[in-house]
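These notes are about the structure you will find just below.
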Amino acid sequence: MYSYLSYPLTKIMPVYGSHNVTLELVQLKVIEKGDSCQVFKLEFENHWGTHIDCPAHFFLNGKKITDYPPEFWHFKSPQLISVQLEQGQILTNLYEINNNTDLLLIQTGWSKFRGTDIYSTKNPGLSPELGLLLRNNYPNLRAIGLDLISISSYTNRDLGRAAHQAFLDPNGIGHPILLIEDMLLPLDINSYKEIIALPLIVEEIDSSPCTIISL
């Protein structure tokens with residue numbers, strides 16, 4: 001059964017540091033006003049909503065969203081791990097990861113807070129050490145996804161920046177592990193067979209909003 005693991009873009013949405021930013025949605029053509037069709041203009045940042053962080057987010061020599069081939073986004077060995085985290089807690093280790101895992105999903109249950117200030121400003125995060133551990137020990141791992149607004153805890157932003165760098169550094173050990181933030185990971189599902197990520201392909205930008213589909 002197919003299902004979405006990403007949120008739709010909405011006019012009001014949570015982002016890192018704020019639970020209610022406004023996506024600018026302007027209707028340029030309106031059938032009711034005599035136009036032949038409907039046309040809209042959207043204005044929003046590329047790290048709003050469910051999105052993928054690529055190395056270029058923190059590194060000038062890092063890959064951008066357009067640098068990855070289509071097959072990169074098809075994950076045939078995803079693994080979901082559930083953890084319980086408190087406000088501002090930093091996750092430093094994970095256990096029982098399969099060697100063939102290509103997409104690691106970290107399910108925290110924090111989606112229940114989405115749309116509140118807690119989700120955007122009190123979120124848990126990941127440590128730089130975890131990024132290095134995963135890069136060093138799991139060469140098949142291409143990306144992680146999680147149901148948090150960011151891998152960076154808003155209450156510890158310096159550590160969060162270091163964590164992003166640990167995961168995304170193009171010159172680090174192994175290869176960069178991409179980050180899929182603000183995912184929809186329902187608590188009643190504990191495994192997925194295959195997952196496809198469909199980023200918005202735009203030249204020049206570091207990272208991109210995306211649609212995630214489980215197969």
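Ordered as shown in the structure tokens, chains take letters A, B, and onward, while each chain numbers its residues from 1 and ligands are numbered from 1 in the order shown.
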Q: Skip Asn98 (chain A) itself and residues of its chain fewer than 2 positions away, then list as a PyMOL selection string all residues within 9 Å of it, counting only C-alpha atoms.
A: chain A and resi 79+96+100-101+138
Could you give me, as a compact mmCIF listing (two decimals) with N, CA and C atoms, in the first residue's frame, the residues within 9 Å of Tyr7 (chain A), counting only C-alpha atoms and dropping anything in the same chain fewer than 6 positions from it?
```txt
# COMPACT_ATOMS: atom_id res chain seq x y z
N GLY A 49 8.78 22.85 5.45
CA GLY A 49 8.08 21.59 5.20
C GLY A 49 9.06 20.42 5.17
N THR A 50 8.58 19.26 4.79
CA THR A 50 9.45 18.10 4.64
C THR A 50 10.48 18.42 3.55
N ASP A 182 11.53 16.86 9.19
CA ASP A 182 10.09 17.13 9.25
C ASP A 182 9.30 16.09 8.47
N MET A 183 9.63 14.81 8.68
CA MET A 183 8.91 13.72 8.02
C MET A 183 7.65 13.32 8.79
N LEU A 184 6.75 12.70 8.09
CA LEU A 184 5.55 12.11 8.68
C LEU A 184 5.81 10.62 8.87
N THR A 211 8.64 15.29 -1.63
CA THR A 211 7.55 14.37 -1.34
C THR A 211 8.17 13.00 -1.09
N ILE A 212 7.75 12.34 -0.04
CA ILE A 212 8.25 11.01 0.31
C ILE A 212 7.10 10.01 0.20
```
Hey, what's within 10 Å of region 53-60 of chain A if we count only C-alpha atoms and toss same-chain stuff fewer than 4 positions away? As a PDB file with C-alpha atoms, in the first residue's frame, please?
```
ATOM      1  CA  ASN A  46      13.608  25.733   0.528  1.00  0.00           C
ATOM      2  CA  HIS A  47      13.937  24.373   4.086  1.00  0.00           C
ATOM      3  CA  LYS A  64      23.440  20.342  -4.453  1.00  0.00           C
ATOM      4  CA  ILE A  65      20.053  18.749  -4.983  1.00  0.00           C
ATOM      5  CA  THR A  66      20.615  18.640  -8.756  1.00  0.00           C
ATOM      6  CA  ASP A  67      23.866  16.684  -8.385  1.00  0.00           C
ATOM      7  CA  TYR A  68      22.185  13.386  -7.485  1.00  0.00           C
ATOM      8  CA  ALA A 143      20.227   9.279   4.172  1.00  0.00           C
ATOM      9  CA  SER A 150      15.456  19.528  12.330  1.00  0.00           C
ATOM     10  CA  ARG A 161      25.253  23.191  13.267  1.00  0.00           C
ATOM     11  CA  ALA A 162      28.113  20.854  14.175  1.00  0.00           C
ATOM     12  CA  HIS A 164      24.764  19.046  10.260  1.00  0.00           C
ATOM     13  CA  GLN A 165      28.427  19.410   9.354  1.00  0.00           C
ATOM     14  CA  PHE A 167      26.572  14.319   8.532  1.00  0.00           C
ATOM     15  CA  LEU A 168      27.100  16.432   5.397  1.00  0.00           C
ATOM     16  CA  ASP A 169      30.858  17.146   5.194  1.00  0.00           C
ATOM     17  CA  PRO A 170      31.960  16.111   1.669  1.00  0.00           C
ATOM     18  CA  ASN A 171      35.532  15.668   2.914  1.00  0.00           C
ATOM     19  CA  PRO A 176      27.904  12.348   3.367  1.00  0.00           C
ATOM     20  CA  ILE A 177      24.598  11.169   4.828  1.00  0.00           C
ATOM     21  CA  LEU A 178      21.729  13.335   3.629  1.00  0.00           C
ATOM     22  CA  LEU A 179      19.088  14.558   6.070  1.00  0.00           C
ATOM     23  CA  ILE A 180      15.322  14.387   5.538  1.00  0.00           C
ATOM     24  CA  GLU A 181      13.708  16.597   8.172  1.00  0.00           C
ATOM     25  CA  GLU A 204      21.552  26.332  -7.850  1.00  0.00           C
ATOM     26  CA  ILE A 205      19.757  25.684  -4.548  1.00  0.00           C
ATOM     27  CA  ASP A 206      21.509  23.691  -1.836  1.00  0.00           C
ATOM     28  CA  SER A 207      18.574  21.584  -0.690  1.00  0.00           C
ATOM     29  CA  SER A 208      14.935  21.084  -1.527  1.00  0.00           C
ATOM     30  CA  PRO A 209      11.396  20.393  -0.326  1.00  0.00           C
TER      31      PRO A 209
END
```
**Q.** Nearest to Glu194 (chain A) by atom-to-atom distance, counting only C-alpha atoms, from A:Asp158, A:Asp102, A:Glu24, A:Glu32
**A.**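 Residue with the minimum atom-to-atom distance to Glu194 (chain A): A:Asp102.
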Q: Name the residues of region 7-209 of chain A that fall into alpha helix (DSSP H) according to DSSP on the backbone, using the chain letters and numbers of this document, as a VMD selection string.
A: chain A and resid 117 to 121 128 to 137 157 to 168
Nearby residues (only C-alpha atoms) at most 12 Å from Met1 (chain A), same-chain spacing under 6 positions excluded, as a PDB file with C-alpha atoms, in the first residue's frame:
```
ATOM      1  CA  ILE A 189       3.697   1.529  11.279  1.00  0.00           C
ATOM      2  CA  TYR A 192       8.660  -0.092   5.264  1.00  0.00           C
ATOM      3  CA  LYS A 193       9.589  -2.202   2.242  1.00  0.00           C
ATOM      4  CA  GLU A 194      10.777   0.545  -0.083  1.00  0.00           C
ATOM      5  CA  ILE A 195      10.736   4.344  -0.023  1.00  0.00           C
ATOM      6  CA  ILE A 213       6.301   7.899  -0.704  1.00  0.00           C
ATOM      7  CA  SER A 214       6.451   4.458   0.889  1.00  0.00           C
ATOM      8  CA  LEU A 215       5.760   1.426  -1.302  1.00  0.00           C
TER       9      LEU A 215
END
```
Q. So which residues touch Gly109 (chain A) within 8 Å, counting only C-alpha atoms, skipping near sequence neighbours fewer than 4 positions away, as a list in words?
A. Gln84, Asp147, Leu185, Pro186 and Leu187 of chain A
The selected residues should be written to file as a PDB file, in the first residue's frame (atoms: N, CA and C atoms).
```pdb
ATOM      1  N   GLN A  84      12.553   7.328  22.202  1.00  0.00           N
ATOM      2  CA  GLN A  84      11.821   8.307  22.994  1.00  0.00           C
ATOM      3  C   GLN A  84      12.784   9.397  23.430  1.00  0.00           C
ATOM      4  N   ASP A 147      11.130  12.479  12.269  1.00  0.00           N
ATOM      5  CA  ASP A 147       9.902  13.254  12.486  1.00  0.00           C
ATOM      6  C   ASP A 147      10.136  14.404  13.453  1.00  0.00           C
ATOM      7  N   LEU A 185       5.960  10.203  10.131  1.00  0.00           N
ATOM      8  CA  LEU A 185       6.252   8.803  10.453  1.00  0.00           C
ATOM      9  C   LEU A 185       5.209   8.299  11.448  1.00  0.00           C
ATOM     10  N   PRO A 186       4.069   7.792  10.960  1.00  0.00           N
ATOM     11  CA  PRO A 186       2.987   7.349  11.844  1.00  0.00           C
ATOM     12  C   PRO A 186       3.450   6.284  12.839  1.00  0.00           C
ATOM     13  N   LEU A 187       2.964   6.385  14.060  1.00  0.00           N
ATOM     14  CA  LEU A 187       3.391   5.467  15.112  1.00  0.00           C
ATOM     15  C   LEU A 187       2.835   4.063  14.936  1.00  0.00           C
TER      16      LEU A 187
END
```
Q) Tell me, which residues of chain A carry DSSP strand (DSSP E or B), written as a count of residues only? A) 61
Q) Suppose you want the space between CA of Ser120 (chain A) and CA of Ile144 (chain A); what is it in Å? A)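 Computed distance, CA of Ser120 (chain A) to CA of Ile144 (chain A), equals 19.3 Å.
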**Q.** Minimum-distance residue to Thr108 (chain A), chosen among A:Gln27, A:Gly88, A:Val83, A:Cys210 (using only C-alpha atoms)
**A.** A:Val83
Q: Measuring atom to atom with only C-alpha atoms, identify which of A:His19, A:Lys76, A:Lys29, A:His51 is nearest to Leu104 (chain A).
A: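 So, comparing all the options, the nearest one is A:Lys76.
Those residues that approach Leu94 (chain A) to within 10 Å, counting only C-alpha atoms, are Ile81, Ser82, Val83, Ile106, Leu130, Leu133 and Leu134 of chain A; same-chain residues fewer than 5 positions away are not listed.
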Q) Contacts of region 112-114 of chain A at 9 Å or less, counting only C-alpha atoms, minus same-chain residues fewer than 2 places along, as a PyMOL selection string? A) chain A and resi 13-14+19+109-110+116-120+148-149
How would the residues just picked look written out with C-alpha atoms as a PDB file, in the first residue's frame?
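Ended up saving to part.pdb:
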```
ATOM      1  CA  MET A  13       3.243  25.820   8.577  1.00  0.00           C
ATOM      2  CA  PRO A  14       5.836  25.098  11.272  1.00  0.00           C
ATOM      3  CA  HIS A  19       5.360  27.223  14.504  1.00  0.00           C
ATOM      4  CA  GLY A 109       6.603  10.526  18.076  1.00  0.00           C
ATOM      5  CA  TRP A 110       7.235  14.272  18.100  1.00  0.00           C
ATOM      6  CA  THR A 116       2.911  24.036  18.252  1.00  0.00           C
ATOM      7  CA  ASP A 117       5.784  26.082  19.637  1.00  0.00           C
ATOM      8  CA  ILE A 118       7.200  22.941  21.272  1.00  0.00           C
ATOM      9  CA  TYR A 119       7.719  21.259  17.900  1.00  0.00           C
ATOM     10  CA  SER A 120       9.629  24.208  16.451  1.00  0.00           C
ATOM     11  CA  LEU A 148      11.588  16.322  13.982  1.00  0.00           C
ATOM     12  CA  ILE A 149      11.662  19.838  12.562  1.00  0.00           C
TER      13      ILE A 149
END
```
**Q.** Point-to-point distance in Å for CA of Pro8 (chain A) and CA of Gln38 (chain A)
**A.**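 We find that CA of Gln38 (chain A) and CA of Pro8 (chain A) lie 19.5 Å from each other.
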Q) Using only C-alpha atoms, which of the listed residues (A:Asn137, A:Gln89, A:Ser3, A:Asn99) sits closest to Asn156 (chain A)? A) A:Gln89
Q: May I ask for the distance between CA of Ile90 (chain A) and CA of Ser152 (chain A), given in Å to one decimal place?
A: 8.8 Å
